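Trainee: My file is model_26.txt. It has compact mmCIF, C-alpha atoms:
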```txt
# COMPACT_ATOMS: atom_id res chain seq x y z
CA MET R 178 -32.71 82.52 23.88
CA LYS R 179 -29.64 84.75 24.02
CA PHE R 180 -26.23 83.12 23.82
CA THR R 181 -22.66 84.21 24.43
CA ILE R 182 -20.10 81.94 22.78
CA VAL R 183 -16.56 81.72 24.13
CA LEU R 184 -13.98 79.99 21.98
CA HIS R 185 -10.72 78.98 23.66
CA ALA R 186 -9.20 76.81 20.94
CA ALA R 187 -7.29 77.54 17.74
CA PRO R 188 -8.70 76.43 14.39
CA TYR R 189 -7.41 73.16 12.86
CA THR R 190 -5.73 72.02 16.10
CA SER R 191 -8.89 70.55 17.60
CA GLN R 192 -12.54 70.11 16.73
CA ALA R 193 -13.61 72.93 19.08
CA SER R 194 -13.59 75.81 16.59
CA LEU R 195 -15.71 73.96 14.03
CA SER R 196 -18.07 72.76 16.77
CA ALA R 197 -18.50 76.34 17.98
CA LEU R 198 -19.15 77.55 14.43
CA ARG R 199 -21.73 74.82 13.85
CA PHE R 200 -23.35 75.55 17.21
CA ALA R 201 -23.65 79.21 16.25
CA GLN R 202 -25.16 78.32 12.87
CA ALA R 203 -27.66 75.96 14.50
CA ALA R 204 -28.63 78.47 17.19
CA LEU R 205 -29.28 81.17 14.59
CA ALA R 206 -31.22 78.76 12.38
CA ALA R 207 -33.44 77.94 15.37
CA GLY R 208 -34.20 81.62 15.87
CA HIS R 209 -31.90 82.27 18.83
CA GLU R 210 -29.76 85.36 19.26
CA ILE R 211 -25.98 85.44 19.69
CA VAL R 212 -25.08 88.43 21.83
CA ARG R 213 -21.36 88.13 21.25
CA VAL R 214 -18.64 85.71 20.20
CA PHE R 215 -15.58 86.11 22.39
CA PHE R 216 -12.25 84.72 21.15
CA TYR R 217 -10.02 84.01 24.14
CA TYR R 218 -6.77 82.15 24.84
CA ASP R 219 -5.76 80.14 21.70
CA GLY R 220 -9.19 80.97 20.29
CA VAL R 221 -7.83 84.33 19.13
CA HIS R 222 -6.26 82.48 16.18
CA ASN R 223 -9.76 82.22 14.72
CA SER R 224 -9.55 85.94 14.03
CA ASN R 225 -6.18 85.83 12.26
CA GLU R 226 -6.79 87.11 8.74
CA PHE R 227 -3.36 85.81 7.66
CA SER R 228 -4.48 82.23 8.17
CA VAL R 229 -4.49 80.47 4.80
CA ALA R 230 -6.34 77.17 4.44
CA PRO R 231 -5.22 74.57 1.87
CA GLN R 232 -7.53 74.57 -1.17
CA ASP R 233 -9.01 71.18 -0.37
CA GLU R 234 -9.78 72.08 3.25
CA PHE R 235 -12.65 74.00 4.80
CA ASP R 236 -11.55 77.58 5.53
CA LEU R 237 -12.58 77.84 9.16
CA VAL R 238 -11.19 81.31 9.79
CA LYS R 239 -12.96 82.84 6.78
CA ALA R 240 -16.12 80.94 7.75
CA TRP R 241 -16.11 82.70 11.13
CA SER R 242 -15.77 86.10 9.51
CA SER R 243 -18.52 85.30 7.04
CA LEU R 244 -20.93 84.05 9.73
CA LEU R 245 -20.30 87.03 11.99
CA GLN R 246 -20.71 89.54 9.18
CA THR R 247 -23.73 87.92 7.57
CA HIS R 248 -25.66 87.95 10.84
CA GLY R 249 -24.21 91.17 12.23
CA ILE R 250 -22.90 89.38 15.32
CA ASP R 251 -20.68 91.30 17.70
CA ALA R 252 -17.23 89.68 17.93
CA VAL R 253 -14.42 90.47 20.33
CA THR R 254 -10.88 89.11 20.28
CA CYS R 255 -9.21 89.32 23.70
CA VAL R 256 -6.49 91.91 23.36
CA SER R 257 -4.05 90.42 25.87
CA SER R 258 -4.40 86.90 24.44
CA ALA R 259 -4.11 88.25 20.89
CA MET R 260 -1.10 90.53 21.26
CA LYS R 261 1.20 87.83 22.59
CA ARG R 262 0.05 85.46 19.85
CA GLY R 263 0.83 87.96 17.11
CA ILE R 264 -2.70 89.04 16.25
CA VAL R 265 -2.92 92.81 16.01
CA ASP R 266 -5.20 95.45 14.56
CA GLU R 267 -4.02 98.50 12.64
CA ARG R 268 -3.76 100.67 15.73
CA GLU R 269 -1.65 98.20 17.72
CA ALA R 270 0.53 97.55 14.67
CA ARG R 271 1.25 101.25 14.44
CA ARG R 272 1.85 101.61 18.14
CA HIS R 273 4.34 98.71 18.22
CA GLU R 274 5.83 99.55 14.82
CA LEU R 275 4.93 96.17 13.32
CA ARG R 276 5.09 95.45 9.58
CA GLY R 277 1.47 94.50 9.20
CA HIS R 278 -1.82 93.87 10.94
CA ASN R 279 -3.99 90.80 10.74
CA LEU R 280 -7.09 91.12 12.90
CA GLN R 281 -9.94 89.82 10.79
CA ALA R 282 -13.13 91.88 10.53
CA PRO R 283 -15.60 92.10 12.11
CA SER R 284 -13.67 91.22 15.28
CA VAL R 285 -12.37 94.05 17.40
CA LEU R 286 -9.65 93.88 20.06
CA SER R 287 -10.92 94.44 23.58
CA GLY R 288 -10.64 93.11 27.12
CA LEU R 289 -12.23 90.39 29.22
CA GLY R 290 -14.80 92.89 30.46
CA GLN R 291 -16.53 92.38 27.10
CA LEU R 292 -16.97 88.70 27.93
CA VAL R 293 -18.46 89.44 31.35
CA ASP R 294 -20.64 92.16 29.83
CA ALA R 295 -21.99 89.81 27.14
CA SER R 296 -22.53 87.02 29.61
CA MET R 297 -24.57 89.32 31.85
CA ALA R 298 -26.82 90.09 28.87
CA SER R 299 -27.21 86.42 27.84
CA ASP R 300 -29.31 83.50 29.04
CA ARG R 301 -26.49 81.06 28.38
CA THR R 302 -22.72 81.27 28.03
CA ILE R 303 -21.26 78.36 26.08
CA SER R 304 -17.53 77.60 26.11
CA PHE R 305 -15.75 75.62 23.40
CA GLY R 306 -12.22 74.27 23.68
CA ALA R 307 -12.19 74.17 27.46
CA MET K 126 -23.15 98.47 25.89
CA THR K 127 -25.35 95.56 26.86
CA SER K 128 -24.73 95.84 30.61
CA THR K 129 -27.43 95.25 33.15
CA PRO K 130 -27.05 96.44 36.76
CA VAL K 131 -28.33 93.18 38.31
CA PRO K 132 -25.36 91.17 39.65
CA ARG K 133 -25.32 87.62 38.34
CA GLN K 134 -23.90 84.41 39.76
CA LEU K 135 -20.86 83.61 37.62
CA THR K 136 -19.20 80.30 38.41
CA PHE K 137 -15.72 79.40 37.21
CA ILE K 138 -14.38 75.85 37.16
CA SER K 139 -10.61 75.60 37.04
CA ARG K 140 -9.41 72.07 36.32
CA HIS K 141 -5.90 72.35 34.90
CA SER K 142 -2.52 72.26 36.61
CA PRO K 143 -0.74 75.58 37.31
CA TYR K 144 2.16 75.00 34.93
CA GLY K 145 2.54 73.17 31.62
CA SER K 146 -0.19 75.22 29.99
CA ALA K 147 -1.40 78.79 30.42
CA ARG K 148 -5.00 77.66 31.08
CA ALA K 149 -4.89 78.17 34.84
CA ARG K 150 -3.55 81.70 34.57
CA ALA K 151 -5.96 82.61 31.75
CA MET K 152 -8.80 81.32 33.92
CA LEU K 153 -7.65 83.50 36.84
CA ASP K 154 -7.73 86.53 34.53
CA MET K 155 -11.36 85.71 33.65
CA VAL K 156 -12.26 85.39 37.33
CA LEU K 157 -10.69 88.73 38.23
CA ALA K 158 -12.41 90.46 35.30
CA ALA K 159 -15.78 89.19 36.53
CA ALA K 160 -15.03 90.42 40.06
CA VAL K 161 -14.16 93.89 38.76
CA PHE K 162 -17.66 93.98 37.23
CA ASP K 163 -19.18 93.49 40.69
CA GLN K 164 -20.64 90.11 39.84
CA LYS K 165 -21.17 87.28 42.35
CA VAL K 166 -18.17 85.10 41.65
CA THR K 167 -17.73 81.47 42.66
CA LEU K 168 -14.49 79.66 41.91
CA ILE K 169 -14.25 75.87 41.94
CA PHE K 170 -11.01 73.89 41.70
CA MET K 171 -11.22 70.30 40.58
CA ASP K 172 -9.20 67.60 38.81
CA ASP K 173 -5.59 68.81 38.25
CA GLY K 174 -6.83 72.33 39.08
CA VAL K 175 -6.38 71.56 42.79
CA LEU K 176 -2.60 71.56 42.20
CA GLN K 177 -2.82 75.33 41.68
CA LEU K 178 -3.59 75.65 45.38
CA HIS K 179 -0.50 73.82 46.61
CA LYS K 180 1.31 75.84 49.25
CA HIS K 181 4.78 74.80 48.11
CA GLN K 182 5.18 76.06 44.55
CA ALA K 183 8.36 77.34 42.95
CA GLY K 184 7.28 78.57 39.55
CA ALA K 185 10.39 80.74 39.27
CA VAL K 186 12.54 77.59 38.94
CA ILE K 187 11.01 76.98 35.50
CA GLY K 188 10.76 80.66 34.60
CA ALA K 189 7.05 80.87 35.37
CA LYS K 190 5.19 83.25 37.64
CA ASP K 191 4.10 81.54 40.85
CA LEU K 192 0.39 80.83 40.45
CA GLY K 193 -0.19 79.99 44.12
CA ALA K 194 1.00 83.49 44.97
CA ALA K 195 -1.16 84.99 42.21
CA LEU K 196 -4.24 83.34 43.72
CA GLY K 197 -3.49 85.29 46.89
CA VAL K 198 -5.16 88.32 45.28
CA LEU K 199 -8.62 86.69 45.39
CA PRO K 200 -9.59 88.24 48.77
CA LEU K 201 -8.49 91.67 47.50
CA TYR K 202 -11.09 91.27 44.75
CA ASP K 203 -13.61 90.23 47.40
CA ILE K 204 -13.84 86.69 46.00
CA GLN K 205 -14.82 84.61 49.04
CA GLN K 206 -16.63 81.70 47.41
CA VAL K 207 -13.74 79.36 46.69
CA TYR K 208 -14.36 75.60 46.63
CA VAL K 209 -12.10 72.60 46.21
CA ASP K 210 -13.29 69.16 45.16
CA ALA K 211 -12.42 66.74 47.99
CA GLN K 212 -12.00 63.73 45.73
CA SER K 213 -9.57 65.54 43.39
CA LEU K 214 -7.56 66.65 46.41
CA GLN K 215 -7.39 63.17 47.90
CA ALA K 216 -6.47 61.56 44.58
CA ARG K 217 -3.41 63.82 44.41
CA GLY K 218 -2.28 63.12 47.95
CA MET K 219 -3.16 66.62 49.12
CA ARG K 220 -4.88 67.73 52.32
CA HIS K 221 -6.61 70.89 53.48
CA ASP K 222 -3.33 71.90 55.23
CA ASP K 223 -1.55 71.96 51.88
CA LEU K 224 -3.72 74.74 50.49
CA ALA K 225 -2.11 78.13 49.93
CA ILE K 226 -5.39 80.06 50.21
CA ALA K 227 -8.61 79.87 52.17
CA ALA K 228 -10.98 77.49 50.40
CA GLU K 229 -13.83 75.20 51.32
CA VAL K 230 -13.25 71.53 50.60
CA CYS K 231 -16.52 70.02 49.42
CA ASP K 232 -17.97 66.90 47.81
CA SER K 233 -19.22 66.52 44.26
CA ALA K 234 -22.87 66.83 45.31
CA ARG K 235 -22.11 70.34 46.55
CA ILE K 236 -20.35 71.20 43.28
CA THR K 237 -23.40 69.98 41.38
CA ARG K 238 -25.54 72.41 43.39
CA LEU K 239 -23.09 75.28 42.81
CA ILE K 240 -23.33 74.70 39.07
CA GLN K 241 -27.14 74.54 39.25
CA GLU K 242 -27.25 77.86 41.11
CA ALA K 243 -25.06 79.64 38.55
CA ASP K 244 -26.38 82.04 35.91
CA ALA K 245 -23.30 81.26 33.82
CA VAL K 246 -20.52 78.69 34.13
CA PHE K 247 -17.07 79.29 32.68
CA THR K 248 -14.41 76.67 32.06
CA LEU K 249 -11.09 76.83 30.31
```
Before we go any further, please render this structure as structure tokens.

Mentor:
Amino acid sequence: MKFTIVLHAAPYTSQASLSALRFAQAALAAGHEIVRVFFYYDGVHNSNEFSVAPQDEFDLVKAWSSLLQTHGIDAVTCVSSAMKRGIVDEREARRHELRGHNLQAPSVLSGLGQLVDASMASDRTISFGA
Amino acid sequence: MTSTPVPRQLTFISRHSPYGSARARAMLDMVLAAAVFDQKVTLIFMDDGVLQLHKHQAGAVIGAKDLGAALGVLPLYDIQQVYVDAQSLQARGMRHDDLAIAAEVCDSARITRLIQEADAVFTL
């Protein structure tokens, strides 16, 4: 089965991000396909490379990057949600003359159309942090 | 691109109040994005989400954009399938006359069917 995963919640604030990650791992392990992970609303914080986890805690943000890269999963961070929460890629940083950029690979900044597009190509769309 | 030309039934359930969090507005953005993609869009308001439809809102008083007014764009995006959960409305002392936009008040059995008919359901 093909899944689109939408994550609305920030890491560490609620269980949603870890649940979504574990769902993704389980789906892949069962042979399913993840068409796209879409980080929306507070979920964009899961793609903030500047997030630093304490040494004795699970690094949720790095775990997302690792999962997405290992399995070659397409990941989109909503640009309008991200910009106002201080998550920018190199291009936006340059355009707004910011001192750094922090969008974590493999996520790319794009719009809500990418969520609709993925959902149209999936059998199921699963939301976390709603 | 992974697009397919077949329009799908995308159903959105909005269940948070218009102010206090940005959920309601972020949900509206999702709904409008789906409509732009020429999908069949159904929008359901339930729980505190019904407060978004209240005719008498004054978001500007707290420095917020008026969400009731923002929902007025739905017909412009050709979104006609708008439903309101009767029980949620009644529990908040609201009536059909209080609604700022055209919407069908329905029972929970109808909402169950709407969810069953959907290709994808979005909540936020």

Trainee: My list of candidates is K:Met171, K:Phe247, K:Pro200, K:Gln241. Which is closest to Arg217 of chain K when distances are computed with only C-alpha atoms?

Mentor: K:Met171

Trainee: Using only C-alpha atoms, find the one residue out of K:Leu199, K:Met152, K:Leu135, K:Ala159 that sits nearest to chain R.

Mentor: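 The closest residue to chain R is K:Ala159.
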
Trainee: Could the residues of chain R within 10 Å of chain K, counting only C-alpha atoms, be given as a PyMOL selection string, please?

Mentor: chain R and resi 181+183-186+212+217-219+257-258+288-307

Trainee: Which residues are close to segment 180-196 of chain K, i.e. within 7 Å by only C-alpha atoms, leaving aside same-chain residues fewer than 3 positions away? Reply as number ranges by chain.

Mentor: K: 143, 177, 199, 223-225

Trainee: Find the distance between atom CA of Gln246 of chain R and atom CA of Ser228 of chain R and write it in Å to one decimal.

Mentor: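 Between these atoms lies a distance of 17.8 Å.
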
Trainee: Kindly indicate which residue among K:His179, K:Gln212, K:Leu239, K:Arg150 lies nearest to Thr167 of chain K, using all atoms listed in the file for the distances.

Mentor: K:Leu239

Trainee: Reconstruct segment 230-250 of chain R at the level of N, CA and C atoms, and format the result as a compact mmCIF listing (two decimals), keeping the file's coordinate frame.

Mentor:
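Heads up, here's the output in result03.txt:
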```
# COMPACT_ATOMS: atom_id res chain seq x y z
N ALA R 230 -5.97 78.59 4.45
CA ALA R 230 -6.34 77.17 4.44
C ALA R 230 -5.94 76.53 3.11
N PRO R 231 -5.50 75.28 3.13
CA PRO R 231 -5.22 74.57 1.87
C PRO R 231 -6.51 74.52 1.04
N GLN R 232 -6.36 74.49 -0.29
CA GLN R 232 -7.53 74.57 -1.17
C GLN R 232 -8.56 73.46 -0.96
N ASP R 233 -8.06 72.29 -0.53
CA ASP R 233 -9.01 71.18 -0.37
C ASP R 233 -9.52 71.06 1.07
N GLU R 234 -9.28 72.11 1.87
CA GLU R 234 -9.78 72.08 3.25
C GLU R 234 -10.76 73.21 3.50
N PHE R 235 -11.67 72.98 4.43
CA PHE R 235 -12.65 74.00 4.80
C PHE R 235 -11.92 75.18 5.45
N ASP R 236 -12.22 76.39 4.98
CA ASP R 236 -11.55 77.58 5.53
C ASP R 236 -12.32 78.09 6.74
N LEU R 237 -11.89 77.58 7.90
CA LEU R 237 -12.58 77.84 9.16
C LEU R 237 -12.52 79.31 9.56
N VAL R 238 -11.37 79.92 9.35
CA VAL R 238 -11.19 81.31 9.79
C VAL R 238 -12.07 82.26 8.96
N LYS R 239 -12.09 82.02 7.65
CA LYS R 239 -12.96 82.84 6.78
C LYS R 239 -14.43 82.56 7.09
N ALA R 240 -14.73 81.31 7.44
CA ALA R 240 -16.12 80.94 7.75
C ALA R 240 -16.61 81.71 8.97
N TRP R 241 -15.73 81.90 9.95
CA TRP R 241 -16.11 82.70 11.13
C TRP R 241 -16.44 84.13 10.72
N SER R 242 -15.57 84.72 9.94
CA SER R 242 -15.77 86.10 9.51
C SER R 242 -17.08 86.23 8.74
N SER R 243 -17.32 85.27 7.87
CA SER R 243 -18.52 85.30 7.04
C SER R 243 -19.78 85.17 7.90
N LEU R 244 -19.76 84.24 8.85
CA LEU R 244 -20.93 84.05 9.73
C LEU R 244 -21.21 85.32 10.55
N LEU R 245 -20.14 85.86 11.12
CA LEU R 245 -20.30 87.03 11.99
C LEU R 245 -20.83 88.23 11.20
N GLN R 246 -20.28 88.40 9.99
CA GLN R 246 -20.71 89.54 9.18
C GLN R 246 -22.12 89.37 8.63
N THR R 247 -22.41 88.18 8.14
CA THR R 247 -23.73 87.92 7.57
C THR R 247 -24.84 88.21 8.58
N HIS R 248 -24.61 87.81 9.83
CA HIS R 248 -25.66 87.95 10.84
C HIS R 248 -25.46 89.17 11.74
N GLY R 249 -24.44 89.96 11.42
CA GLY R 249 -24.21 91.17 12.23
C GLY R 249 -23.92 90.87 13.69
N ILE R 250 -23.18 89.78 13.94
CA ILE R 250 -22.90 89.38 15.32
C ILE R 250 -21.67 90.12 15.83
```
